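Chemist: This one is my_file-v3.txt, compact mmCIF, C-alpha atoms.
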```
# COMPACT_ATOMS: atom_id res chain seq x y z
CA MET A 1 -116.66 88.24 76.26
CA ASN A 2 -113.72 90.54 76.45
CA GLU A 3 -113.82 94.32 76.48
CA ALA A 4 -112.67 94.64 72.83
CA ALA A 5 -115.60 92.53 71.64
CA ASP A 6 -118.05 94.66 73.64
CA SER A 7 -116.80 98.04 72.42
CA SER A 8 -118.00 99.88 69.35
CA PRO A 9 -115.87 100.29 66.23
CA GLN A 10 -115.38 103.96 67.19
CA ASP A 11 -114.11 102.97 70.65
CA ARG A 12 -111.70 100.45 69.14
CA MET A 13 -110.45 103.00 66.62
CA ASN A 14 -109.93 105.59 69.38
CA ALA A 15 -108.00 103.09 71.48
CA LEU A 16 -105.80 102.08 68.55
CA TYR A 17 -105.13 105.71 67.55
CA HIS A 18 -104.29 106.65 71.13
CA ARG A 19 -101.98 103.66 71.58
CA LEU A 20 -100.12 104.42 68.32
CA VAL A 21 -99.74 108.14 68.92
CA THR A 22 -98.79 107.65 72.57
CA GLY A 23 -95.93 105.38 71.50
CA ILE A 24 -94.79 107.88 68.90
CA ARG A 25 -95.04 110.72 71.44
CA THR A 26 -92.97 108.71 73.95
CA ASN A 27 -90.26 108.32 71.32
CA ALA A 28 -90.39 112.04 70.48
CA GLU A 29 -90.02 112.94 74.17
CA ARG A 30 -87.03 110.59 74.40
CA ASP A 31 -85.45 112.17 71.30
CA LEU A 32 -85.88 115.61 72.84
CA ARG A 33 -84.25 114.52 76.11
CA LEU A 34 -81.34 112.97 74.20
CA ALA A 35 -80.83 116.12 72.10
CA ARG A 36 -80.86 118.28 75.23
CA ALA A 37 -78.36 116.01 76.94
CA ALA A 38 -76.08 116.14 73.89
CA GLY A 39 -76.36 119.93 73.72
CA ASN A 40 -77.17 119.87 70.01
CA ALA A 41 -79.38 122.91 69.31
CA ALA A 42 -80.43 121.80 65.81
CA ASP A 43 -81.46 118.33 66.96
CA GLN A 44 -83.18 119.83 69.99
CA ALA A 45 -85.22 122.21 67.80
CA ARG A 46 -86.15 119.38 65.43
CA ALA A 47 -87.20 117.10 68.28
CA GLN A 48 -89.23 119.89 69.92
CA ALA A 49 -91.01 120.60 66.62
CA HIS A 50 -91.80 116.91 66.23
CA LEU A 51 -93.21 116.71 69.76
CA ASP A 52 -95.25 119.89 69.29
CA THR A 53 -96.69 118.54 66.02
CA LEU A 54 -97.72 115.27 67.65
CA ASN A 55 -99.35 117.08 70.57
CA ALA A 56 -101.22 119.33 68.14
CA ALA A 57 -102.45 116.29 66.18
CA LEU A 58 -103.77 114.72 69.37
CA GLY A 59 -105.45 117.96 70.37
CA ILE A 60 -107.13 118.36 66.99
CA TYR A 61 -108.40 114.79 67.03
CA GLU A 62 -109.60 115.10 70.61
CA GLY A 63 -111.38 118.39 69.89
CA ALA A 64 -113.05 117.05 66.76
CA HIS A 65 -114.24 113.96 68.63
CA LEU A 66 -115.54 116.07 71.52
CA GLN A 67 -117.43 118.35 69.11
CA THR A 68 -118.89 115.44 67.15
CA HIS A 69 -119.69 112.94 69.89
CA GLY A 70 -119.86 115.09 73.02
CA THR A 71 -117.20 113.02 74.78
CA ARG A 72 -113.44 112.84 74.72
CA PRO A 73 -111.99 109.85 72.83
CA TRP A 74 -109.80 108.97 75.84
CA PRO A 75 -109.22 110.21 79.39
CA ARG A 76 -107.12 113.35 79.83
CA PRO A 77 -103.59 112.68 81.11
```
As a first step, turn the structure in this file into structure tokens.
Modeler:
Amino acid sequence: MNEAADSSPQDRMNALYHRLVTGIRTNAERDLRLARAAGNAADQARAQAHLDTLNAALGIYEGAHLQTHGTRPWPRP
């Protein structure tokens, strides 16, 4: 059997959430780099706020999972 079949629904949900948010965070980091390179302060502030919000969402989810289950939902970067 493969690893996905052996994991619990919670593990699969954590993996899916992490994969989705990591992709979104990668795009937000790219947007921030592009705004910095273009020298556009408004776009840079917007991209930074987006990245900060995504990082906060990950932190909240990770903290809630740690409090509830006693483990982190995924390894720390």
Chemist: So which one's closest to A:Gln10, A:Gly59, A:Gly23, A:Gly39, A:Pro73? Using all atoms listed in the file, please.
Modeler: A:Pro73
Chemist: Using all atoms listed in the file, determine which residues lie at most 12 Å from A:Ala57, disregarding the query and same-chain residues fewer than 5 positions distant; provide the list as a list in words.
Modeler: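 Answer for this query is Tyr17, His18, Val21, Thr22, Ile24, Arg25, His50, Leu51, Asp52, Glu62, Gly63 and Ala64 of chain A.
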Chemist: Work out how far apart atom CA of A:Asn55 and atom CA of A:Asp31 are and give it in Å to one decimal.
Modeler: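 Atom CA of A:Asn55 sits 14.8 Å away from atom CA of A:Asp31.
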Chemist: So which residues are close to (-113.7, 104.9, 72.1), meaning at most 12 Å away in the file's coordinates with all atoms listed in the file counted, and can you show them as number ranges by chain?
Modeler: A: 3-4, 6-19, 62, 65-66, 69-75
Chemist: Expressed in Å to a single decimal, how great is the separation between atom CA of A:Ala38 and atom CA of A:Thr53?
Modeler: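 Distance between the two atoms: 22.2 Å.
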Chemist: What is the atom CA of A:Ala49 to atom CA of A:Ala35 distance in Å?
Modeler: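 Straight-line distance from atom CA of A:Ala49 to atom CA of A:Ala35 works out to 12.4 Å.
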Chemist: So that I can check the surroundings of A:Arg33, please list as a short mmCIF file (atom, residue, chain, number, x, y, z; two decimals) with C-alpha atoms, in the coordinates of the input every protein, DNA and RNA residue that reaches within 9 Å of it, counting only C-alpha atoms and ignoring chain neighbours fewer than 5 positions away.
Modeler:
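part_14.cif was written with the following content:
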```cif
data_model
loop_
_atom_site.label_atom_id
_atom_site.label_comp_id
_atom_site.auth_asym_id
_atom_site.auth_seq_id
_atom_site.Cartn_x
_atom_site.Cartn_y
_atom_site.Cartn_z
CA ALA A 28 -90.39 112.04 70.48
CA ALA A 38 -76.08 116.14 73.89
CA GLN A 44 -83.18 119.83 69.99
CA ALA A 47 -87.20 117.10 68.28
#
```
